[in-house]
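S.K.: One file: work-v8.txt (compact mmCIF, C-alpha atoms).
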# COMPACT_ATOMS: atom_id res chain seq x y z
CA MET D 1 293.60 -103.23 7.49
CA ALA D 2 292.00 -106.47 8.70
CA LEU D 3 290.12 -108.63 6.21
CA GLU D 4 286.87 -108.28 8.17
CA GLU D 5 287.04 -104.49 7.98
CA LEU D 6 287.83 -104.63 4.26
CA ALA D 7 284.81 -106.88 3.78
CA ARG D 8 282.56 -104.41 5.59
CA ARG D 9 283.84 -101.54 3.48
CA LEU D 10 283.33 -103.57 0.31
CA GLY D 11 279.76 -104.34 1.32
CA VAL D 12 279.04 -100.65 1.81
CA ALA D 13 280.72 -99.72 -1.49
CA LEU D 14 278.69 -102.31 -3.41
CA GLY D 15 275.42 -101.58 -1.64
CA GLY D 16 273.87 -99.60 -4.49
CA THR D 17 275.37 -101.43 -7.45
CA GLY D 18 273.68 -104.07 -9.57
CA ARG D 19 274.80 -107.44 -10.83
CA LEU D 20 275.78 -106.10 -14.27
CA VAL D 21 278.65 -103.64 -14.76
CA SER D 22 278.56 -101.32 -17.79
CA LEU D 23 282.11 -100.75 -19.01
CA PRO D 24 283.33 -97.56 -20.72
CA ALA D 25 284.33 -97.68 -24.39
CA ASP D 26 287.11 -95.09 -24.20
CA ARG D 27 289.64 -96.91 -21.99
CA PRO D 28 291.53 -100.18 -22.50
CA THR D 29 289.75 -103.03 -20.74
CA VAL D 30 291.87 -105.80 -19.23
CA TYR D 31 290.18 -109.13 -18.50
CA VAL D 32 291.85 -111.18 -15.77
CA GLY D 33 291.04 -114.86 -15.31
CA ASP D 34 290.98 -116.87 -12.08
CA THR D 35 293.84 -115.82 -9.81
CA HIS D 36 293.16 -118.49 -7.13
CA GLY D 37 295.50 -117.38 -4.37
CA ASP D 38 298.23 -116.25 -6.77
CA ARG D 39 298.97 -112.86 -5.24
CA GLU D 40 301.96 -112.37 -7.51
CA ALA D 41 299.70 -112.57 -10.56
CA THR D 42 297.45 -109.84 -9.16
CA GLU D 43 300.47 -107.69 -8.33
CA LEU D 44 301.71 -108.03 -11.92
CA VAL D 45 298.31 -107.06 -13.32
CA LEU D 46 298.03 -103.98 -11.11
CA ASP D 47 301.61 -102.96 -11.91
CA ARG D 48 301.44 -103.42 -15.69
CA PHE D 49 297.88 -102.20 -16.20
CA HIS D 50 297.36 -99.38 -13.75
CA PRO D 51 293.64 -98.97 -12.92
CA GLY D 52 293.95 -95.22 -13.35
CA GLU D 53 294.59 -95.78 -17.07
CA HIS D 54 292.85 -99.12 -17.66
CA VAL D 55 289.64 -100.79 -16.57
CA LEU D 56 290.44 -104.11 -14.92
CA VAL D 57 287.80 -106.85 -14.90
CA PHE D 58 288.65 -109.79 -12.66
CA LEU D 59 286.55 -112.83 -13.53
CA GLY D 60 286.22 -114.37 -10.07
CA ASP D 61 287.82 -117.15 -7.99
CA TYR D 62 290.32 -115.15 -5.97
CA VAL D 63 290.84 -117.67 -3.16
CA ASP D 64 291.62 -121.37 -2.58
CA ARG D 65 294.12 -123.62 -4.40
CA GLY D 66 296.95 -121.08 -4.54
CA PRO D 67 299.66 -120.27 -1.95
CA ASP D 68 298.34 -116.89 -0.68
CA SER D 69 294.56 -116.60 -0.81
CA LEU D 70 294.43 -114.13 2.07
CA GLY D 71 297.07 -111.87 0.52
CA ASN D 72 295.49 -112.08 -2.90
CA LEU D 73 291.99 -111.24 -1.72
CA THR D 74 293.23 -108.45 0.55
CA LEU D 75 295.14 -106.89 -2.35
CA LEU D 76 292.10 -107.09 -4.63
CA LEU D 77 289.73 -105.58 -2.09
CA LYS D 78 292.12 -102.70 -1.42
CA ALA D 79 292.48 -102.10 -5.17
CA LYS D 80 288.70 -102.07 -5.59
CA LEU D 81 288.20 -99.60 -2.76
CA ALA D 82 290.98 -97.35 -4.08
CA HIS D 83 289.79 -97.46 -7.71
CA PRO D 84 286.02 -98.15 -7.67
CA GLU D 85 285.61 -97.37 -11.40
CA GLY D 86 288.91 -98.88 -12.50
CA VAL D 87 288.70 -102.29 -10.80
CA HIS D 88 285.70 -104.61 -11.10
CA LEU D 89 285.61 -107.85 -9.15
CA LEU D 90 283.09 -110.33 -10.54
CA MET D 91 281.74 -113.19 -8.49
CA GLY D 92 283.02 -116.70 -9.09
CA ASN D 93 281.86 -119.88 -7.40
CA HIS D 94 284.62 -119.49 -4.78
CA GLU D 95 283.05 -116.16 -3.76
CA GLY D 96 279.64 -117.81 -3.39
CA TRP D 97 280.63 -119.82 -0.34
CA ALA D 98 277.87 -118.35 1.82
CA VAL D 99 275.20 -119.72 -0.55
CA ALA D 100 276.82 -122.84 -2.01
CA PRO D 101 279.66 -124.31 0.09
CA PHE D 102 282.05 -126.61 -1.78
CA THR D 103 285.27 -128.55 -1.41
CA PRO D 104 288.22 -128.19 -1.63
CA ALA D 105 288.00 -124.80 0.05
CA ASP D 106 291.20 -124.44 2.04
CA PHE D 107 290.85 -120.66 2.45
CA TRP D 108 287.28 -120.76 3.73
CA HIS D 109 287.93 -123.71 6.04
CA ARG D 110 290.76 -121.85 7.77
CA LEU D 111 288.77 -118.70 8.54
CA PRO D 112 287.19 -118.18 11.98
CA PRO D 113 283.42 -118.63 11.69
CA ARG D 114 282.58 -114.97 12.32
CA GLU D 115 285.12 -113.75 9.75
CA ALA D 116 283.86 -116.27 7.18
CA GLU D 117 280.29 -115.07 7.76
CA VAL D 118 281.12 -111.37 7.33
CA LEU D 119 283.32 -111.96 4.29
CA GLY D 120 280.88 -114.40 2.69
CA GLU D 121 277.99 -111.96 2.97
CA ALA D 122 280.09 -109.11 1.54
CA LEU D 123 281.26 -111.15 -1.45
CA LEU D 124 277.66 -112.07 -2.29
CA ARG D 125 277.21 -108.41 -3.28
CA LEU D 126 279.78 -108.64 -6.06
CA PRO D 127 278.52 -108.13 -9.63
CA LEU D 128 278.07 -111.20 -11.82
CA ALA D 129 278.89 -109.84 -15.27
CA ALA D 130 280.46 -106.89 -17.09
CA HIS D 131 279.30 -105.68 -20.50
CA HIS D 132 281.39 -103.70 -22.97
CA PRO D 133 279.58 -101.76 -25.72
CA ALA D 134 281.75 -103.45 -28.35
CA GLY D 135 279.67 -106.59 -27.71
CA VAL D 136 281.93 -108.31 -25.16
CA LEU D 137 280.40 -109.86 -22.05
CA ALA D 138 282.53 -111.10 -19.16
CA LEU D 139 281.46 -113.47 -16.40
CA HIS D 140 282.85 -116.43 -14.51
CA GLY D 141 281.26 -119.52 -16.03
CA ALA D 142 278.37 -119.89 -18.47
CA LEU D 143 275.56 -117.81 -19.92
CA PRO D 144 272.21 -118.31 -18.18
CA ASP D 145 269.13 -118.61 -20.36
CA VAL D 146 267.90 -115.04 -19.92
CA GLY D 147 265.99 -112.83 -22.33
CA SER D 148 268.01 -109.63 -22.00
CA LEU D 149 271.14 -108.15 -20.49
CA GLU D 150 268.93 -106.31 -18.05
CA GLU D 151 267.87 -109.63 -16.57
CA LEU D 152 271.48 -110.32 -15.62
CA SER D 153 271.37 -107.33 -13.29
CA ARG D 154 268.58 -108.98 -11.31
CA VAL D 155 270.02 -112.49 -10.89
CA GLU D 156 269.93 -113.56 -7.24
CA PRO D 157 272.56 -115.73 -5.54
CA GLY D 158 271.43 -119.33 -5.28
CA SER D 159 269.11 -119.19 -8.31
CA ALA D 160 269.49 -121.41 -11.39
CA ALA D 161 270.79 -118.43 -13.38
CA TRP D 162 273.33 -117.68 -10.66
CA ARG D 163 274.50 -121.29 -10.68
CA ALA D 164 274.97 -121.18 -14.47
CA ILE D 165 277.02 -117.99 -14.20
CA THR D 166 279.22 -119.05 -11.31
CA TRP D 167 279.43 -122.82 -11.83
CA GLY D 168 278.62 -123.43 -15.50
CA ASP D 169 280.89 -125.33 -17.91
CA TRP D 170 280.96 -125.39 -21.70
CA LEU D 171 281.18 -128.55 -23.83
CA GLU D 172 282.49 -128.51 -27.39
CA GLY D 173 279.72 -130.42 -29.13
CA PRO D 174 276.26 -129.40 -30.30
CA GLY D 175 273.35 -129.34 -27.95
CA SER D 176 272.00 -127.00 -25.36
CA ALA D 177 271.99 -127.95 -21.66
CA PHE D 178 273.53 -131.22 -20.49
CA GLY D 179 272.46 -131.27 -16.87
CA ALA D 180 275.21 -131.99 -14.39
CA GLY D 181 278.63 -132.10 -16.00
CA HIS D 182 282.00 -132.24 -14.25
CA SER D 183 281.61 -132.56 -10.46
CA GLY D 184 277.89 -131.88 -10.74
CA ARG D 185 278.36 -128.51 -12.42
CA PRO D 186 275.78 -127.44 -15.04
CA ALA D 187 277.11 -127.86 -18.58
CA PHE D 188 276.07 -126.19 -21.84
CA GLY D 189 276.88 -126.69 -25.51
CA ARG D 190 277.21 -124.81 -28.76
CA ASP D 191 273.48 -124.46 -29.45
CA HIS D 192 272.89 -122.84 -26.07
CA PHE D 193 275.81 -120.48 -26.55
CA LEU D 194 274.76 -119.28 -29.99
CA ARG D 195 271.10 -118.93 -29.06
CA VAL D 196 271.65 -116.94 -25.87
CA ALA D 197 274.65 -114.90 -27.06
CA ASP D 198 272.84 -113.82 -30.23
CA ARG D 199 269.71 -112.96 -28.25
CA LEU D 200 271.76 -110.74 -25.93
CA GLY D 201 273.81 -109.15 -28.71
CA VAL D 202 277.02 -110.67 -27.34
CA ARG D 203 279.74 -111.13 -29.94
CA VAL D 204 282.33 -112.51 -27.50
CA LEU D 205 282.07 -114.10 -24.08
CA VAL D 206 285.16 -113.92 -21.85
CA ARG D 207 285.15 -116.29 -18.89
CA SER D 208 287.36 -118.53 -16.73
CA HIS D 209 286.41 -121.29 -14.23
CA GLN D 210 286.92 -124.42 -16.37
CA PRO D 211 290.54 -125.65 -16.46
CA GLY D 212 289.95 -128.31 -19.10
CA ALA D 213 288.28 -126.01 -21.63
CA PRO D 214 290.06 -125.01 -24.85
CA LEU D 215 291.28 -121.43 -25.01
CA LEU D 216 288.76 -120.72 -27.82
CA LEU D 217 285.42 -122.31 -28.65
CA PHE D 218 282.36 -121.76 -30.83
CA ASP D 219 283.89 -120.05 -33.87
CA ASP D 220 286.30 -118.22 -31.57
CA ARG D 221 283.48 -116.36 -29.81
CA LEU D 222 284.17 -117.94 -26.40
CA LEU D 223 287.47 -117.25 -24.62
CA THR D 224 288.43 -119.15 -21.46
CA LEU D 225 291.10 -117.29 -19.56
CA PHE D 226 293.28 -118.15 -16.54
CA THR D 227 295.75 -115.87 -14.78
CA SER D 228 296.99 -118.12 -11.98
CA ARG D 229 299.94 -120.47 -11.80
CA ALA D 230 297.97 -122.45 -9.24
CA TYR D 231 295.19 -123.59 -11.58
CA GLY D 232 294.24 -124.05 -15.22
CA ASP D 233 297.15 -124.43 -17.64
CA ARG D 234 299.33 -122.46 -15.19
CA VAL D 235 300.08 -119.76 -17.76
CA ARG D 236 299.30 -116.27 -16.51
CA ARG D 237 297.32 -114.62 -19.30
CA VAL D 238 295.14 -111.55 -19.57
CA ALA D 239 293.09 -110.33 -22.53
CA VAL D 240 293.06 -106.66 -23.50
CA LEU D 241 290.33 -104.88 -25.44
CA TYR D 242 291.57 -101.57 -26.83
CA PRO D 243 289.22 -98.69 -27.66
CA GLY D 244 288.03 -98.16 -31.19
CA GLY D 245 288.50 -101.65 -32.57
CA ARG D 246 285.74 -103.73 -34.08
CA VAL D 247 285.12 -106.99 -32.23
CA ARG D 248 283.98 -109.96 -34.29
CA THR D 249 285.66 -112.81 -32.40
CA ALA D 250 287.84 -113.24 -29.33
CA ARG D 251 290.85 -113.03 -31.62
CA ASP D 252 290.21 -109.29 -31.78
CA LEU D 253 291.26 -109.11 -28.13
CA VAL D 254 295.01 -109.09 -27.43
CA LEU D 255 296.28 -111.92 -25.24
CA ARG D 256 299.17 -110.91 -23.01
CA ALA D 257 301.29 -113.25 -20.90
CA LEU D 258 302.46 -111.91 -17.51
Write the structure described by the file as structure tokens, please.

M.R.:
Amino acid sequence: MALEELARRLGVALGGTGRLVSLPADRPTVYVGDTHGDREATELVLDRFHPGEHVLVFLGDYVDRGPDSLGNLTLLLKAKLAHPEGVHLLMGNHEGWAVAPFTPADFWHRLPPREAEVLGEALLRLPLAAHHPAGVLALHGALPDVGSLEELSRVEPGSAAWRAITWGDWLEGPGSAFGAGHSGRPAFGRDHFLRVADRLGVRVLVRSHQPGAPLLLFDDRLLTLFTSRAYGDRVRRVAVLYPGGRVRTARDLVLRAL
């Protein structure tokens, strides 16, 4: 099936969904970091954690940088359409091309204009975050300064909150917002994390996006995860949240190397 047709089907499938996914508590949840054109990583995830038995949450950035962006994105879209409740594709900054173009963007630059337009519009319908009732929130970058989880479901592409979610970095020190950090991306510190996470009832934030970030930050409540050999520390990791366990820090999730 051609990528353009997959994009159209994805747009239809996501037409009635919001920006915030509510995850079930009774199935293992597998969080997958940036795959960035690493189709093999996605194949390993789908093989080892079948979406009929697990809930897979991909944290965004499926294209660019890696060797097979087209194959990786095609595989992910097919998996989403085949398992709509078992596969959740969150939006990263590389899926926000239609609103905020960037460089390097080898995948997007190679697409014919019409195909890039159709795909870009479809990917703008992706959800931005996924919430687990154990108190775990997953998104691509940083927490926006919102008053409730419900507000996340209404974040619009291109807004300041959207930019925090898809482009935001975290810095280790105290403080709240630091304006433009690396490459002009918004950056946030410990004070912002604790204030917003506690307001939202989030015990642990699982995210990706920032290759220079430590694996754990802020009393182990922030986990930065990569699953691509093309980016980050080039170690393919996923994090698994099993049913029934109490979550106090990210250490209560099980890290698995692929």

S.K.: Counting only C-alpha atoms, which residues have an atom no more than 8 Å from (299.8, -113.7, -6.3) in the file's coordinates? Please list them as a VMD selection string.

M.R.: chain D and resid 35 37 to 43 67 to 68 71 to 72 228

S.K.: Just checking: using only C-alpha atoms, which residue out of D:Pro51, D:Pro104, D:Gly33, D:Gly120 ends up closest to Ala7 (chain D)?

M.R.: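 When distances to Ala7 (chain D) are compared using only C-alpha atoms, the smallest one comes from D:Gly120.
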
S.K.: Nearest to Ala116 (chain D): which of D:Gly135, D:Ala130, D:Trp97, D:Ala2 is it, counting all atoms listed in the file?

M.R.: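 Of D:Gly135, D:Ala130, D:Trp97, D:Ala2, the one nearest Ala116 (chain D), counting all atoms listed in the file, is D:Trp97.
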
S.K.: Using Å and a single decimal, report how far CA of Phe107 (chain D) sits from CA of Ser69 (chain D).

M.R.: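 Going from CA of Ser69 (chain D) over to CA of Phe107 (chain D), I get 6.4 Å.
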
S.K.: Determine the nearest neighbour of Gly60 (chain D) from the options D:Arg207, D:His132, D:Arg114, D:Arg154, counting all atoms listed in the file.

M.R.: D:Arg207

S.K.: Would you mind telling me which residue in D:His131, D:Arg246, D:His140, D:Arg237 lies nearest to Gly201 (chain D) when using all atoms listed in the file?

M.R.: D:His131

S.K.: Any idea what's packed within 9 Å of Val57 (chain D), counting only C-alpha atoms, ignoring anything in its chain fewer than 2 positions away? Could you give it as a list in words?

M.R.: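 Listed by chain and then number, they are Thr29, Val30, Tyr31, Val32, Gly33, Val55, Leu59, Gly86, Val87, His88, Leu89, Leu90, Ala130 and Ala138 of chain D.
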
S.K.: Generate the output file for the selected residues, C-alpha atoms, as a PDB file, in the frame of the given file.

M.R.:
ATOM      1  CA  THR D  29     289.750-103.030 -20.740  1.00  0.00           C
ATOM      2  CA  VAL D  30     291.870-105.800 -19.230  1.00  0.00           C
ATOM      3  CA  TYR D  31     290.180-109.130 -18.500  1.00  0.00           C
ATOM      4  CA  VAL D  32     291.850-111.180 -15.770  1.00  0.00           C
ATOM      5  CA  GLY D  33     291.040-114.860 -15.310  1.00  0.00           C
ATOM      6  CA  VAL D  55     289.640-100.790 -16.570  1.00  0.00           C
ATOM      7  CA  LEU D  59     286.550-112.830 -13.530  1.00  0.00           C
ATOM      8  CA  GLY D  86     288.910 -98.880 -12.500  1.00  0.00           C
ATOM      9  CA  VAL D  87     288.700-102.290 -10.800  1.00  0.00           C
ATOM     10  CA  HIS D  88     285.700-104.610 -11.100  1.00  0.00           C
ATOM     11  CA  LEU D  89     285.610-107.850  -9.150  1.00  0.00           C
ATOM     12  CA  LEU D  90     283.090-110.330 -10.540  1.00  0.00           C
ATOM     13  CA  ALA D 130     280.460-106.890 -17.090  1.00  0.00           C
ATOM     14  CA  ALA D 138     282.530-111.100 -19.160  1.00  0.00           C
TER      15      ALA D 138
END

S.K.: Just checking: using only C-alpha atoms, which residue out of D:Ala134, D:His36, D:Leu75, D:Arg48 ends up closest to Ala105 (chain D)?

M.R.: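 Closest to Ala105 (chain D) of all the choices is D:His36.
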
S.K.: Compute the distance from (299.1, -113.8, -20.1) to each atom, counting all atoms listed in the file, keep the residues with any atom at most 8 Å away, and return them as a PyMOL selection string; use the coordinates of the file.

M.R.: chain D and resi 227+235-239+255-258

S.K.: For Gly92 (chain D), which residue among D:Leu56, D:Leu128, D:Ala197, D:Leu253 is the nearest when counting all atoms listed in the file?

M.R.: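 Among D:Leu56, D:Leu128, D:Ala197, D:Leu253, it is D:Leu128 that comes nearest to Gly92 (chain D).
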
S.K.: At what distance in Å, to one decimal, does CA of Val136 (chain D) lie from CA of Arg203 (chain D)?

M.R.: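 Distance between the two atoms: 6.0 Å.
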
S.K.: Give me the residues near Arg190 (chain D) as a ChimeraX atom specification, where near means some atom within 10 Å (using all atoms listed in the file) and where sequence neighbours in that chain fewer than 5 positions away do not count.

M.R.: /D:170-177,195,217-219

S.K.: Find the distance between CA of Leu222 (chain D) and CA of Phe193 (chain D) and write it in Å to one decimal.

M.R.: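 Taking CA of Leu222 (chain D) as the start and CA of Phe193 (chain D) as the end point, the length is 8.7 Å.
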
S.K.: Write out as a list in words the residues lying within 10 Å of region 160-163 of chain D, counting all atoms listed in the file and excluding same-chain residues fewer than 4 positions away.

M.R.: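 Contacts, with the query itself left out: Met91, Gly92, Asn93, Gly96, Ala100, Leu128, Gly141, Ala142, Leu143, Pro144, Asp145, Val146, Glu151, Leu152, Arg154, Val155, Glu156, Trp167, Gly168, Arg185 and Pro186 of chain D.
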
S.K.: Put those residues in a file: C-alpha atoms, as a short mmCIF file (atom, residue, chain, number, x, y, z; two decimals), in the frame of the given file.

M.R.:
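Okay, part_16.cif is ready:
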data_model
loop_
_atom_site.label_atom_id
_atom_site.label_comp_id
_atom_site.auth_asym_id
_atom_site.auth_seq_id
_atom_site.Cartn_x
_atom_site.Cartn_y
_atom_site.Cartn_z
CA MET D 91 281.74 -113.19 -8.49
CA GLY D 92 283.02 -116.70 -9.09
CA ASN D 93 281.86 -119.88 -7.40
CA GLY D 96 279.64 -117.81 -3.39
CA ALA D 100 276.82 -122.84 -2.01
CA LEU D 128 278.07 -111.20 -11.82
CA GLY D 141 281.26 -119.52 -16.03
CA ALA D 142 278.37 -119.89 -18.47
CA LEU D 143 275.56 -117.81 -19.92
CA PRO D 144 272.21 -118.31 -18.18
CA ASP D 145 269.13 -118.61 -20.36
CA VAL D 146 267.90 -115.04 -19.92
CA GLU D 151 267.87 -109.63 -16.57
CA LEU D 152 271.48 -110.32 -15.62
CA ARG D 154 268.58 -108.98 -11.31
CA VAL D 155 270.02 -112.49 -10.89
CA GLU D 156 269.93 -113.56 -7.24
CA TRP D 167 279.43 -122.82 -11.83
CA GLY D 168 278.62 -123.43 -15.50
CA ARG D 185 278.36 -128.51 -12.42
CA PRO D 186 275.78 -127.44 -15.04
#

S.K.: Neighbours of Thr103 (chain D) within 10 Å (all atoms listed in the file; same-chain residues fewer than 5 positions away dropped), as JSON, numbers by chain?

M.R.: {"D": [64, 94, 97, 108, 109]}

S.K.: Put a box with edges along x, y and z around all the listed atoms of region 84-88 of chain D, pad it by 4 Å on each side, then give me its centre and sizes in Å, one decimal, as lines of an AutoDock Vina configuration file.

M.R.:
center_x = 287.3
center_y = -101.0
center_z = -10.1
size_x = 11.3
size_y = 15.2
size_z = 12.8

S.K.: Could you add whatever atoms are missing so that region 193-222 of chain D carries N, CA and C atoms, then write the result as a PDB file, in the frame of the given file?

M.R.:
ATOM      1  N   PHE D 193     274.981-121.669 -26.431  1.00  0.00           N
ATOM      2  CA  PHE D 193     275.810-120.480 -26.550  1.00  0.00           C
ATOM      3  C   PHE D 193     275.326-119.561 -27.666  1.00  0.00           C
ATOM      4  N   LEU D 194     275.145-120.116 -28.855  1.00  0.00           N
ATOM      5  CA  LEU D 194     274.760-119.280 -29.990  1.00  0.00           C
ATOM      6  C   LEU D 194     273.383-118.659 -29.794  1.00  0.00           C
ATOM      7  N   ARG D 195     272.463-119.443 -29.249  1.00  0.00           N
ATOM      8  CA  ARG D 195     271.100-118.930 -29.060  1.00  0.00           C
ATOM      9  C   ARG D 195     271.081-117.776 -28.063  1.00  0.00           C
ATOM     10  N   VAL D 196     271.716-117.961 -26.913  1.00  0.00           N
ATOM     11  CA  VAL D 196     271.650-116.940 -25.870  1.00  0.00           C
ATOM     12  C   VAL D 196     272.545-115.751 -26.220  1.00  0.00           C
ATOM     13  N   ALA D 197     273.754-116.009 -26.716  1.00  0.00           N
ATOM     14  CA  ALA D 197     274.650-114.900 -27.060  1.00  0.00           C
ATOM     15  C   ALA D 197     274.042-114.020 -28.138  1.00  0.00           C
ATOM     16  N   ASP D 198     273.451-114.626 -29.160  1.00  0.00           N
ATOM     17  CA  ASP D 198     272.840-113.820 -30.230  1.00  0.00           C
ATOM     18  C   ASP D 198     271.633-113.046 -29.714  1.00  0.00           C
ATOM     19  N   ARG D 199     270.868-113.651 -28.831  1.00  0.00           N
ATOM     20  CA  ARG D 199     269.710-112.960 -28.250  1.00  0.00           C
ATOM     21  C   ARG D 199     270.156-111.728 -27.470  1.00  0.00           C
ATOM     22  N   LEU D 200     271.280-111.838 -26.774  1.00  0.00           N
ATOM     23  CA  LEU D 200     271.760-110.740 -25.930  1.00  0.00           C
ATOM     24  C   LEU D 200     272.636-109.746 -26.693  1.00  0.00           C
ATOM     25  N   GLY D 201     272.924-110.027 -27.954  1.00  0.00           N
ATOM     26  CA  GLY D 201     273.810-109.150 -28.710  1.00  0.00           C
ATOM     27  C   GLY D 201     275.260-109.262 -28.290  1.00  0.00           C
ATOM     28  N   VAL D 202     275.654-110.437 -27.808  1.00  0.00           N
ATOM     29  CA  VAL D 202     277.020-110.670 -27.340  1.00  0.00           C
ATOM     30  C   VAL D 202     277.829-111.299 -28.464  1.00  0.00           C
ATOM     31  N   ARG D 203     278.848-110.584 -28.914  1.00  0.00           N
ATOM     32  CA  ARG D 203     279.740-111.130 -29.940  1.00  0.00           C
ATOM     33  C   ARG D 203     280.757-112.090 -29.328  1.00  0.00           C
ATOM     34  N   VAL D 204     281.273-111.719 -28.146  1.00  0.00           N
ATOM     35  CA  VAL D 204     282.330-112.510 -27.500  1.00  0.00           C
ATOM     36  C   VAL D 204     282.014-112.647 -26.021  1.00  0.00           C
ATOM     37  N   LEU D 205     282.175-113.858 -25.504  1.00  0.00           N
ATOM     38  CA  LEU D 205     282.070-114.100 -24.080  1.00  0.00           C
ATOM     39  C   LEU D 205     283.456-114.428 -23.539  1.00  0.00           C
ATOM     40  N   VAL D 206     283.884-113.670 -22.516  1.00  0.00           N
ATOM     41  CA  VAL D 206     285.160-113.920 -21.850  1.00  0.00           C
ATOM     42  C   VAL D 206     284.847-114.486 -20.474  1.00  0.00           C
ATOM     43  N   ARG D 207     285.427-115.639 -20.165  1.00  0.00           N
ATOM     44  CA  ARG D 207     285.150-116.290 -18.890  1.00  0.00           C
ATOM     45  C   ARG D 207     286.370-117.080 -18.433  1.00  0.00           C
ATOM     46  N   SER D 208     286.243-117.762 -17.287  1.00  0.00           N
ATOM     47  CA  SER D 208     287.360-118.530 -16.730  1.00  0.00           C
ATOM     48  C   SER D 208     286.819-119.866 -16.226  1.00  0.00           C
ATOM     49  N   HIS D 209     287.110-120.241 -14.968  1.00  0.00           N
ATOM     50  CA  HIS D 209     286.410-121.290 -14.230  1.00  0.00           C
ATOM     51  C   HIS D 209     286.740-122.731 -14.627  1.00  0.00           C
ATOM     52  N   GLN D 210     286.906-123.032 -15.894  1.00  0.00           N
ATOM     53  CA  GLN D 210     286.920-124.420 -16.370  1.00  0.00           C
ATOM     54  C   GLN D 210     288.300-124.788 -16.888  1.00  0.00           C
ATOM     55  N   PRO D 211     289.133-125.439 -16.079  1.00  0.00           N
ATOM     56  CA  PRO D 211     290.540-125.650 -16.460  1.00  0.00           C
ATOM     57  C   PRO D 211     290.735-126.540 -17.672  1.00  0.00           C
ATOM     58  N   GLY D 212     289.783-127.417 -17.968  1.00  0.00           N
ATOM     59  CA  GLY D 212     289.950-128.310 -19.100  1.00  0.00           C
ATOM     60  C   GLY D 212     289.425-127.768 -20.417  1.00  0.00           C
ATOM     61  N   ALA D 213     288.863-126.570 -20.410  1.00  0.00           N
ATOM     62  CA  ALA D 213     288.280-126.010 -21.630  1.00  0.00           C
ATOM     63  C   ALA D 213     289.360-125.515 -22.580  1.00  0.00           C
ATOM     64  N   PRO D 214     289.129-125.627 -23.899  1.00  0.00           N
ATOM     65  CA  PRO D 214     290.060-125.010 -24.850  1.00  0.00           C
ATOM     66  C   PRO D 214     290.085-123.497 -24.673  1.00  0.00           C
ATOM     67  N   LEU D 215     291.170-122.893 -25.103  1.00  0.00           N
ATOM     68  CA  LEU D 215     291.280-121.430 -25.010  1.00  0.00           C
ATOM     69  C   LEU D 215     290.134-120.772 -25.780  1.00  0.00           C
ATOM     70  N   LEU D 216     289.809-121.284 -26.974  1.00  0.00           N
ATOM     71  CA  LEU D 216     288.760-120.720 -27.820  1.00  0.00           C
ATOM     72  C   LEU D 216     287.758-121.792 -28.198  1.00  0.00           C
ATOM     73  N   LEU D 217     286.494-121.410 -28.243  1.00  0.00           N
ATOM     74  CA  LEU D 217     285.420-122.310 -28.650  1.00  0.00           C
ATOM     75  C   LEU D 217     284.389-121.544 -29.471  1.00  0.00           C
ATOM     76  N   PHE D 218     283.547-122.297 -30.160  1.00  0.00           N
ATOM     77  CA  PHE D 218     282.360-121.760 -30.830  1.00  0.00           C
ATOM     78  C   PHE D 218     282.721-120.635 -31.803  1.00  0.00           C
ATOM     79  N   ASP D 219     283.462-121.022 -32.837  1.00  0.00           N
ATOM     80  CA  ASP D 219     283.890-120.050 -33.870  1.00  0.00           C
ATOM     81  C   ASP D 219     284.658-118.890 -33.254  1.00  0.00           C
ATOM     82  N   ASP D 220     285.435-119.198 -32.235  1.00  0.00           N
ATOM     83  CA  ASP D 220     286.300-118.220 -31.570  1.00  0.00           C
ATOM     84  C   ASP D 220     285.513-117.105 -30.877  1.00  0.00           C
ATOM     85  N   ARG D 221     284.282-117.380 -30.518  1.00  0.00           N
ATOM     86  CA  ARG D 221     283.480-116.360 -29.810  1.00  0.00           C
ATOM     87  C   ARG D 221     283.501-116.566 -28.293  1.00  0.00           C
ATOM     88  N   LEU D 222     284.076-117.655 -27.829  1.00  0.00           N
ATOM     89  CA  LEU D 222     284.170-117.940 -26.400  1.00  0.00           C
ATOM     90  C   LEU D 222     285.635-118.073 -26.023  1.00  0.00           C
TER      91      LEU D 222
END
